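> Here it is: the structure, laid out below.
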Amino acid sequence: MHPIVSAQLAALAKALDGRSGKDGQALCGAAADLFQLAGELAFDGNRYTDAAASYTLAASAGKEAGAFDLWACALIRHAYVDVYERRYREAADILSVAERIARRGDSCLSTRHWVAAVRAEAFAGLGDLTACESALEQAEKVADMNGSAQNGGWLRFDGSRLAEERGARYLQLGRLDLAEQVLQSALQQGALAEGQSFRRRGVVLANLAAIGVKRKDPEQVVVYTRKAIHLARESSSGYVARRLQALRRDFGSLARDVRVAELDAEIKALSVN
C-alpha cells in the first residue's frame with residue numbers, strides 16, 4: 001500500500017476508536033474512500049489480490065457508513081478485478097449485489113449506470129449478447145442526467161467512454177463487423193482524436209487490431225498494432241501495453257508474417273508497469 005494512504009488509514013483508525021453515531025459514520029465513509037484508492041493503486045500495479053482485499057474493506061466501511069453509493073462503487077471495483085481475471089460469473093454475482101445497493105443510493109448519481117456498464121462486460125464474457133446489450137442500454141441512460149452525475153473521486157463514471165466500451169463488448173462476443181463499426185466511430189470523437197487521450201485511443205486501436213487477428217488479416221493487424229505501440233510508448237501506459245501483450249498471445253500463425261513478427265518483438269519489449 002502507498003505510504004501516504006497507509007498513514008491516512010492509520011490516522012483514521014485512531015480517530016475511529018470509540019467513535020459512534022454521525023462522527024463514526026463520517027470516518028467510515030472516509031475510510032471507504034481511502035481503501036478504494038488503495039485498491040486502485042494495487043490494481044494499477046498488477047497486484048490483483050491486494051486490490052480485491054482493499055475493495056472488500058472499502059465495501060465494509062461503506063456499509064458501516066450507511067453510504068450506499070460508496071458501498072456499491074467499492075463492489076463495482078471488486079467485480080472489475082474478477083472481470084480482468086476473466087472470472088465473469090463471480091463478477092456478475094457481485095454486480096447483482098452492487099445493483100441492489102445502488103438502487104438505495106442517490107438517484108442523482110451515476111452509480112447504477114456504472115454498475116450496468118461493468119455488468120455488460122461480465123455478460124459479454126459469459127457470451128450473453130442479449131443481457132450485454134440490455135446492460136449497455138441501461139448504462140447509456142446516464143446521458144439523460146444533468147452532467148453532475150459523478151463526483152470526480154470514488155465515482156467517475158459519466159458515460160463518455162460508452163461508445164468504445166460497446167465496441168469492445170461486441171469484440172468479446174465475436175460480432176466483428178458491429179465491433180469495427182462502433183470502434184471506428186469512437187475514434188472520431190473529440191476525446192479520442194489525434195493528440196488527445198493516448199491511453200483510450202491506444203486501447204481502441206488495439207481492439208481494432210484484435211479484430212484483424214480474429215479475421216486472420218495481417219494488414220489490419222499491422223496497421224492498428226503499429227499505431228497502438230506508438231501510443232503505448234508515447235504515454236508510457238502500462239494499460240495499453242497489457243492490452244497489446246494480450247493481443248500478441250493471439251497472433252498464432254499470423255506471426256509467420258515478417259511484419260507481424262517484428263511487432264511481436266516490439267510488444268514484448270514494452271513495459272507493463
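Ordering of the C-alpha cells sets the chain letters (A, B, ...); residue numbers start at 1 within each chain; ligands are numbered from 1 in the order shown.
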So that I can see what lies close to segment 95-100 of chain A, please list as a list of chain:residue names the residues with an atom at most 6 Å from it, counting only C-alpha atoms and leaving out residues fewer than 2 positions away in the same chain.
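With the cut-off at 6 Å, the set is A:Ala72, A:Leu75, A:Ala92, A:Asp93, A:Ala102, A:Arg103.
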> Could you take the residues named above and write them with N, CA and C atoms, as a PDB file, in the first residue's frame?

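Result saved to selection28.pdb:
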ATOM      1  N   ALA A  72     -21.591   0.612  -3.037  1.00  0.00           N
ATOM      2  CA  ALA A  72     -21.778  -0.016  -4.349  1.00  0.00           C
ATOM      3  C   ALA A  72     -20.560   0.158  -5.237  1.00  0.00           C
ATOM      4  N   LEU A  75     -17.903  -2.314  -4.511  1.00  0.00           N
ATOM      5  CA  LEU A  75     -18.232  -3.622  -5.073  1.00  0.00           C
ATOM      6  C   LEU A  75     -18.002  -3.651  -6.584  1.00  0.00           C
ATOM      7  N   ALA A  92     -20.372 -11.123 -12.232  1.00  0.00           N
ATOM      8  CA  ALA A  92     -21.808 -10.900 -12.404  1.00  0.00           C
ATOM      9  C   ALA A  92     -22.545 -11.014 -11.079  1.00  0.00           C
ATOM     10  N   ASP A  93     -22.136 -11.952 -10.239  1.00  0.00           N
ATOM     11  CA  ASP A  93     -22.787 -12.124  -8.936  1.00  0.00           C
ATOM     12  C   ASP A  93     -22.553 -10.912  -8.033  1.00  0.00           C
ATOM     13  N   ALA A 102     -27.084   0.028  -5.095  1.00  0.00           N
ATOM     14  CA  ALA A 102     -27.124   1.315  -5.802  1.00  0.00           C
ATOM     15  C   ALA A 102     -28.549   1.862  -5.886  1.00  0.00           C
ATOM     16  N   ARG A 103     -29.528   0.986  -5.945  1.00  0.00           N
ATOM     17  CA  ARG A 103     -30.930   1.439  -6.010  1.00  0.00           C
ATOM     18  C   ARG A 103     -31.323   2.203  -4.748  1.00  0.00           C
TER      19      ARG A 103
END
> Do a neighbour search on Ala228 of chain A at 9 Å with only C-alpha atoms, toss out local chain neighbours closer than 4 positions, and write the hits as a PDB file with all heavy atoms, in the first residue's frame.

ATOM      1  N   PHE A 198      -4.144   9.383 -25.077  1.00  0.00           N
ATOM      2  CA  PHE A 198      -3.325   8.328 -25.666  1.00  0.00           C
ATOM      3  C   PHE A 198      -3.775   6.959 -25.180  1.00  0.00           C
ATOM      4  O   PHE A 198      -3.809   6.002 -25.934  1.00  0.00           O
ATOM      5  CB  PHE A 198      -1.851   8.535 -25.300  1.00  0.00           C
ATOM      6  CG  PHE A 198      -1.181   9.638 -26.078  1.00  0.00           C
ATOM      7  CD1 PHE A 198      -1.899  10.416 -26.973  1.00  0.00           C
ATOM      8  CD2 PHE A 198       0.170   9.889 -25.910  1.00  0.00           C
ATOM      9  CE1 PHE A 198      -1.273  11.430 -27.691  1.00  0.00           C
ATOM     10  CE2 PHE A 198       0.814  10.900 -26.626  1.00  0.00           C
ATOM     11  CZ  PHE A 198       0.070  11.666 -27.518  1.00  0.00           C
ATOM     12  N   ARG A 201      -7.298   6.035 -26.771  1.00  0.00           N
ATOM     13  CA  ARG A 201      -7.141   5.813 -28.209  1.00  0.00           C
ATOM     14  C   ARG A 201      -6.305   4.552 -28.464  1.00  0.00           C
ATOM     15  O   ARG A 201      -6.604   3.768 -29.376  1.00  0.00           O
ATOM     16  CB  ARG A 201      -6.479   7.029 -28.865  1.00  0.00           C
ATOM     17  CG  ARG A 201      -6.419   6.938 -30.398  1.00  0.00           C
ATOM     18  CD  ARG A 201      -5.871   8.216 -31.018  1.00  0.00           C
ATOM     19  NE  ARG A 201      -5.745   8.064 -32.468  1.00  0.00           N
ATOM     20  CZ  ARG A 201      -6.727   8.283 -33.330  1.00  0.00           C
ATOM     21  NH1 ARG A 201      -7.911   8.662 -32.897  1.00  0.00           N
ATOM     22  NH2 ARG A 201      -6.537   8.117 -34.631  1.00  0.00           N
ATOM     23  N   GLY A 202      -5.290   4.343 -27.623  1.00  0.00           N
ATOM     24  CA  GLY A 202      -4.449   3.163 -27.787  1.00  0.00           C
ATOM     25  C   GLY A 202      -5.224   1.869 -27.608  1.00  0.00           C
ATOM     26  O   GLY A 202      -5.018   0.899 -28.349  1.00  0.00           O
ATOM     27  N   VAL A 203      -6.149   1.844 -26.647  1.00  0.00           N
ATOM     28  CA  VAL A 203      -6.949   0.642 -26.412  1.00  0.00           C
ATOM     29  C   VAL A 203      -7.902   0.392 -27.576  1.00  0.00           C
ATOM     30  O   VAL A 203      -8.082  -0.754 -28.015  1.00  0.00           O
ATOM     31  CB  VAL A 203      -7.725   0.759 -25.081  1.00  0.00           C
ATOM     32  CG1 VAL A 203      -8.727  -0.388 -24.939  1.00  0.00           C
ATOM     33  CG2 VAL A 203      -6.753   0.753 -23.906  1.00  0.00           C
ATOM     34  N   VAL A 204      -8.516   1.454 -28.111  1.00  0.00           N
ATOM     35  CA  VAL A 204      -9.406   1.287 -29.270  1.00  0.00           C
ATOM     36  C   VAL A 204      -8.620   0.746 -30.462  1.00  0.00           C
ATOM     37  O   VAL A 204      -9.075  -0.169 -31.168  1.00  0.00           O
ATOM     38  CB  VAL A 204     -10.096   2.620 -29.634  1.00  0.00           C
ATOM     39  CG1 VAL A 204     -10.862   2.492 -30.956  1.00  0.00           C
ATOM     40  CG2 VAL A 204     -11.063   3.030 -28.531  1.00  0.00           C
ATOM     41  N   LEU A 205      -7.428   1.283 -30.689  1.00  0.00           N
ATOM     42  CA  LEU A 205      -6.592   0.791 -31.791  1.00  0.00           C
ATOM     43  C   LEU A 205      -6.206  -0.673 -31.580  1.00  0.00           C
ATOM     44  O   LEU A 205      -6.205  -1.471 -32.530  1.00  0.00           O
ATOM     45  CB  LEU A 205      -5.338   1.655 -31.914  1.00  0.00           C
ATOM     46  CG  LEU A 205      -5.568   3.085 -32.419  1.00  0.00           C
ATOM     47  CD1 LEU A 205      -4.315   3.927 -32.205  1.00  0.00           C
ATOM     48  CD2 LEU A 205      -5.976   3.098 -33.887  1.00  0.00           C
ATOM     49  N   ALA A 206      -5.893  -1.040 -30.328  1.00  0.00           N
ATOM     50  CA  ALA A 206      -5.563  -2.439 -30.032  1.00  0.00           C
ATOM     51  C   ALA A 206      -6.761  -3.344 -30.298  1.00  0.00           C
ATOM     52  O   ALA A 206      -6.605  -4.473 -30.793  1.00  0.00           O
ATOM     53  CB  ALA A 206      -5.096  -2.573 -28.585  1.00  0.00           C
ATOM     54  N   ALA A 209      -7.045  -3.874 -33.925  1.00  0.00           N
ATOM     55  CA  ALA A 209      -6.034  -4.860 -34.322  1.00  0.00           C
ATOM     56  C   ALA A 209      -6.503  -6.269 -33.982  1.00  0.00           C
ATOM     57  O   ALA A 209      -6.290  -7.221 -34.745  1.00  0.00           O
ATOM     58  CB  ALA A 209      -4.707  -4.563 -33.627  1.00  0.00           C
ATOM     59  N   VAL A 223      -1.440  -2.441 -39.326  1.00  0.00           N
ATOM     60  CA  VAL A 223      -1.798  -1.016 -39.314  1.00  0.00           C
ATOM     61  C   VAL A 223      -2.158  -0.545 -37.909  1.00  0.00           C
ATOM     62  O   VAL A 223      -1.627   0.453 -37.408  1.00  0.00           O
ATOM     63  CB  VAL A 223      -2.973  -0.748 -40.291  1.00  0.00           C
ATOM     64  CG1 VAL A 223      -3.545   0.652 -40.055  1.00  0.00           C
ATOM     65  CG2 VAL A 223      -2.505  -0.895 -41.733  1.00  0.00           C
ATOM     66  N   TYR A 224      -3.067  -1.267 -37.240  1.00  0.00           N
ATOM     67  CA  TYR A 224      -3.566  -0.796 -35.950  1.00  0.00           C
ATOM     68  C   TYR A 224      -2.619  -1.114 -34.797  1.00  0.00           C
ATOM     69  O   TYR A 224      -2.504  -0.321 -33.852  1.00  0.00           O
ATOM     70  CB  TYR A 224      -4.963  -1.363 -35.689  1.00  0.00           C
ATOM     71  CG  TYR A 224      -5.999  -0.767 -36.607  1.00  0.00           C
ATOM     72  CD1 TYR A 224      -6.625  -1.542 -37.583  1.00  0.00           C
ATOM     73  CD2 TYR A 224      -6.343   0.580 -36.514  1.00  0.00           C
ATOM     74  CE1 TYR A 224      -7.570  -0.986 -38.438  1.00  0.00           C
ATOM     75  CE2 TYR A 224      -7.289   1.139 -37.365  1.00  0.00           C
ATOM     76  CZ  TYR A 224      -7.897   0.353 -38.325  1.00  0.00           C
ATOM     77  OH  TYR A 224      -8.823   0.908 -39.177  1.00  0.00           O
ATOM     78  N   ALA A 232       1.441   3.598 -26.874  1.00  0.00           N
ATOM     79  CA  ALA A 232       1.890   2.992 -25.618  1.00  0.00           C
ATOM     80  C   ALA A 232       3.249   3.557 -25.220  1.00  0.00           C
ATOM     81  O   ALA A 232       3.506   3.823 -24.035  1.00  0.00           O
ATOM     82  CB  ALA A 232       1.971   1.478 -25.768  1.00  0.00           C
ATOM     83  N   ARG A 233       4.113   3.760 -26.205  1.00  0.00           N
ATOM     84  CA  ARG A 233       5.438   4.329 -25.919  1.00  0.00           C
ATOM     85  C   ARG A 233       5.336   5.808 -25.544  1.00  0.00           C
ATOM     86  O   ARG A 233       5.993   6.269 -24.599  1.00  0.00           O
ATOM     87  CB  ARG A 233       6.339   4.176 -27.135  1.00  0.00           C
ATOM     88  CG  ARG A 233       6.808   2.737 -27.378  1.00  0.00           C
ATOM     89  CD  ARG A 233       7.532   2.635 -28.696  1.00  0.00           C
ATOM     90  NE  ARG A 233       8.106   1.305 -28.917  1.00  0.00           N
ATOM     91  CZ  ARG A 233       8.418   0.834 -30.109  1.00  0.00           C
ATOM     92  NH1 ARG A 233       8.221   1.582 -31.203  1.00  0.00           N
ATOM     93  NH2 ARG A 233       8.918  -0.379 -30.231  1.00  0.00           N
ATOM     94  N   VAL A 240      -2.258   0.122 -21.845  1.00  0.00           N
ATOM     95  CA  VAL A 240      -2.222  -0.156 -23.282  1.00  0.00           C
ATOM     96  C   VAL A 240      -1.227  -1.278 -23.568  1.00  0.00           C
ATOM     97  O   VAL A 240      -1.491  -2.169 -24.389  1.00  0.00           O
ATOM     98  CB  VAL A 240      -1.847   1.114 -24.087  1.00  0.00           C
ATOM     99  CG1 VAL A 240      -1.732   0.785 -25.585  1.00  0.00           C
ATOM    100  CG2 VAL A 240      -2.885   2.206 -23.879  1.00  0.00           C
ATOM    101  N   ALA A 241      -0.095  -1.244 -22.878  1.00  0.00           N
ATOM    102  CA  ALA A 241       0.912  -2.298 -23.076  1.00  0.00           C
ATOM    103  C   ALA A 241       0.343  -3.670 -22.722  1.00  0.00           C
ATOM    104  O   ALA A 241       0.572  -4.654 -23.432  1.00  0.00           O
ATOM    105  CB  ALA A 241       2.150  -1.998 -22.242  1.00  0.00           C
ATOM    106  N   LEU A 244      -1.872  -4.879 -25.429  1.00  0.00           N
ATOM    107  CA  LEU A 244      -1.097  -5.362 -26.566  1.00  0.00           C
ATOM    108  C   LEU A 244      -0.451  -6.713 -26.256  1.00  0.00           C
ATOM    109  O   LEU A 244      -0.333  -7.559 -27.145  1.00  0.00           O
ATOM    110  CB  LEU A 244      -0.031  -4.326 -26.945  1.00  0.00           C
ATOM    111  CG  LEU A 244      -0.576  -3.067 -27.627  1.00  0.00           C
ATOM    112  CD1 LEU A 244       0.497  -1.980 -27.681  1.00  0.00           C
ATOM    113  CD2 LEU A 244      -1.067  -3.394 -29.040  1.00  0.00           C
TER     114      LEU A 244
END
> Which of these, A:Glu266, A:Asp250, A:Asp128, A:Asp69, has the shortest distance to Val115 of chain A once you count only C-alpha atoms?
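Closest residue, counting only C-alpha atoms: A:Asp69.
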> Using only C-alpha atoms, determine which residues lie at most 12 Å from Asn207 of chain A, disregarding the query and same-chain residues fewer than 2 positions distant; provide the list as number ranges by chain.
A: 164-172, 174, 176, 179-184, 186-187, 200-205, 209-214, 220-221, 223-225, 227-228, 240, 243-244, 246-248
> From a DSSP pass on the backbone, collect the residues of segment 22-158 of chain A flagged as helix (DSSP H, G or I) and hand them back as number ranges by chain.
A: 22-44, 48-65, 68-84, 88-102, 111-125, 129-144
> May I have the residues from that selection written out with C-alpha atoms, as a JSON list (two decimals), in the first residue's frame?

[["chain", "number", "residue", "atom", "x", "y", "z"],
["A", 22, "LYS", "CA", -22.62, 10.55, 12.86],
["A", 23, "ASP", "CA", -18.94, 11.09, 13.59],
["A", 24, "GLY", "CA", -18.24, 7.37, 13.31],
["A", 25, "GLN", "CA", -20.19, 7.11, 10.06],
["A", 26, "ALA", "CA", -18.32, 10.05, 8.56],
["A", 27, "LEU", "CA", -14.98, 8.46, 9.44],
["A", 28, "CYS", "CA", -16.10, 5.10, 7.99],
["A", 29, "GLY", "CA", -17.00, 6.92, 4.77],
["A", 30, "ALA", "CA", -13.53, 8.46, 4.65],
["A", 31, "ALA", "CA", -12.00, 5.03, 5.25],
["A", 32, "ALA", "CA", -14.06, 3.53, 2.41],
["A", 33, "ASP", "CA", -12.78, 6.24, 0.08],
["A", 34, "LEU", "CA", -9.18, 5.60, 1.12],
["A", 35, "PHE", "CA", -9.48, 1.82, 0.78],
["A", 36, "GLN", "CA", -10.82, 2.30, -2.75],
["A", 37, "LEU", "CA", -7.80, 4.48, -3.55],
["A", 38, "ALA", "CA", -5.50, 1.81, -2.11],
["A", 39, "GLY", "CA", -7.27, -0.76, -4.30],
["A", 40, "GLU", "CA", -6.81, 1.34, -7.41],
["A", 41, "LEU", "CA", -3.10, 1.74, -6.69],
["A", 42, "ALA", "CA", -2.74, -2.02, -6.20],
["A", 43, "PHE", "CA", -4.72, -2.77, -9.35],
["A", 44, "ASP", "CA", -2.60, -0.41, -11.44],
["A", 48, "TYR", "CA", -4.90, -8.02, -8.00],
["A", 49, "THR", "CA", -5.16, -9.95, -4.72],
["A", 50, "ASP", "CA", -4.22, -6.81, -2.78],
["A", 51, "ALA", "CA", -6.69, -4.78, -4.84],
["A", 52, "ALA", "CA", -9.54, -7.19, -4.12],
["A", 53, "ALA", "CA", -8.72, -7.14, -0.39],
["A", 54, "SER", "CA", -8.75, -3.33, -0.35],
["A", 55, "TYR", "CA", -12.07, -3.20, -2.18],
["A", 56, "THR", "CA", -13.58, -5.68, 0.29],
["A", 57, "LEU", "CA", -12.52, -3.42, 3.16],
["A", 58, "ALA", "CA", -13.87, -0.39, 1.28],
["A", 59, "ALA", "CA", -17.23, -2.09, 0.84],
["A", 60, "SER", "CA", -17.37, -2.99, 4.53],
["A", 61, "ALA", "CA", -16.51, 0.57, 5.56],
["A", 62, "GLY", "CA", -19.06, 1.98, 3.10],
["A", 63, "LYS", "CA", -21.71, -0.29, 4.57],
["A", 64, "GLU", "CA", -20.86, 0.85, 8.11],
["A", 65, "ALA", "CA", -21.07, 4.46, 6.94],
["A", 68, "PHE", "CA", -24.94, 3.22, -0.39],
["A", 69, "ASP", "CA", -23.27, 4.72, -3.45],
["A", 70, "LEU", "CA", -19.81, 4.50, -1.88],
["A", 71, "TRP", "CA", -20.54, 0.89, -0.86],
["A", 72, "ALA", "CA", -21.78, -0.02, -4.35],
["A", 73, "CYS", "CA", -18.77, 1.59, -6.03],
["A", 74, "ALA", "CA", -16.39, -0.50, -3.91],
["A", 75, "LEU", "CA", -18.23, -3.62, -5.07],
["A", 76, "ILE", "CA", -18.05, -2.48, -8.71],
["A", 77, "ARG", "CA", -14.29, -2.12, -8.42],
["A", 78, "HIS", "CA", -14.04, -5.52, -6.75],
["A", 79, "ALA", "CA", -16.05, -7.03, -9.60],
["A", 80, "TYR", "CA", -13.74, -5.43, -12.13],
["A", 81, "VAL", "CA", -10.83, -7.42, -10.67],
["A", 82, "ASP", "CA", -12.83, -10.57, -11.45],
["A", 83, "VAL", "CA", -13.63, -9.28, -14.94],
["A", 84, "TYR", "CA", -9.96, -8.60, -15.60],
["A", 88, "TYR", "CA", -17.11, -13.45, -15.31],
["A", 89, "ARG", "CA", -19.67, -15.40, -13.28],
["A", 90, "GLU", "CA", -18.14, -14.19, -10.00],
["A", 91, "ALA", "CA", -18.17, -10.64, -11.34],
["A", 92, "ALA", "CA", -21.81, -10.90, -12.40],
["A", 93, "ASP", "CA", -22.79, -12.12, -8.94],
["A", 94, "ILE", "CA", -21.01, -9.24, -7.18],
["A", 95, "LEU", "CA", -22.54, -6.75, -9.60],
["A", 96, "SER", "CA", -26.04, -8.06, -8.87],
["A", 97, "VAL", "CA", -25.44, -7.15, -5.23],
["A", 98, "ALA", "CA", -24.00, -3.76, -6.25],
["A", 99, "GLU", "CA", -27.08, -3.08, -8.36],
["A", 100, "ARG", "CA", -29.43, -3.69, -5.42],
["A", 101, "ILE", "CA", -27.35, -1.43, -3.17],
["A", 102, "ALA", "CA", -27.12, 1.31, -5.80],
["A", 111, "THR", "CA", -23.68, 4.67, -9.64],
["A", 112, "ARG", "CA", -26.39, 2.43, -11.11],
["A", 113, "HIS", "CA", -25.29, 3.33, -14.64],
["A", 114, "TRP", "CA", -21.71, 2.35, -13.83],
["A", 115, "VAL", "CA", -22.95, -0.95, -12.42],
["A", 116, "ALA", "CA", -24.75, -1.55, -15.73],
["A", 117, "ALA", "CA", -21.64, -0.74, -17.80],
["A", 118, "VAL", "CA", -19.48, -3.25, -15.92],
["A", 119, "ARG", "CA", -22.29, -5.83, -15.95],
["A", 120, "ALA", "CA", -22.28, -5.52, -19.75],
["A", 121, "GLU", "CA", -18.62, -6.56, -19.75],
["A", 122, "ALA", "CA", -19.35, -9.53, -17.48],
["A", 123, "PHE", "CA", -22.27, -10.62, -19.66],
["A", 124, "ALA", "CA", -20.11, -10.32, -22.78],
["A", 125, "GLY", "CA", -17.54, -12.55, -21.12],
["A", 129, "LEU", "CA", -25.41, -10.85, -26.15],
["A", 130, "THR", "CA", -28.99, -10.04, -25.09],
["A", 131, "ALA", "CA", -28.07, -9.35, -21.46],
["A", 132, "CYS", "CA", -24.98, -7.39, -22.57],
["A", 133, "GLU", "CA", -26.97, -5.08, -24.85],
["A", 134, "SER", "CA", -29.65, -4.60, -22.20],
["A", 135, "ALA", "CA", -27.00, -3.58, -19.66],
["A", 136, "LEU", "CA", -25.40, -1.18, -22.16],
["A", 137, "GLU", "CA", -28.77, 0.44, -22.78],
["A", 138, "GLN", "CA", -29.17, 0.96, -19.04],
["A", 139, "ALA", "CA", -25.68, 2.45, -18.82],
["A", 140, "GLU", "CA", -26.35, 4.83, -21.70],
["A", 141, "LYS", "CA", -29.23, 6.39, -19.76],
["A", 142, "VAL", "CA", -26.56, 8.34, -17.90],
["A", 143, "ALA", "CA", -26.81, 10.76, -20.85],
["A", 144, "ASP", "CA", -30.25, 11.76, -19.57]]
> Pick from A:Glu234, A:Asp158, A:Asp177, A:Asp217: nearest to Asp257 of chain A, with only C-alpha atoms counted?
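Distance minimum relative to Asp257 of chain A lands on A:Asp217.
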> One number please: atom CA of Arg175 of chain A to atom CA of Ala163 of chain A, in Å, one decimal.
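These two atoms are separated by 15.0 Å.
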> What separation in Å, quoted to one decimal, exists between atom CA of Ala265 of chain A and atom CA of Ser197 of chain A?
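Between these atoms lies a distance of 25.1 Å.
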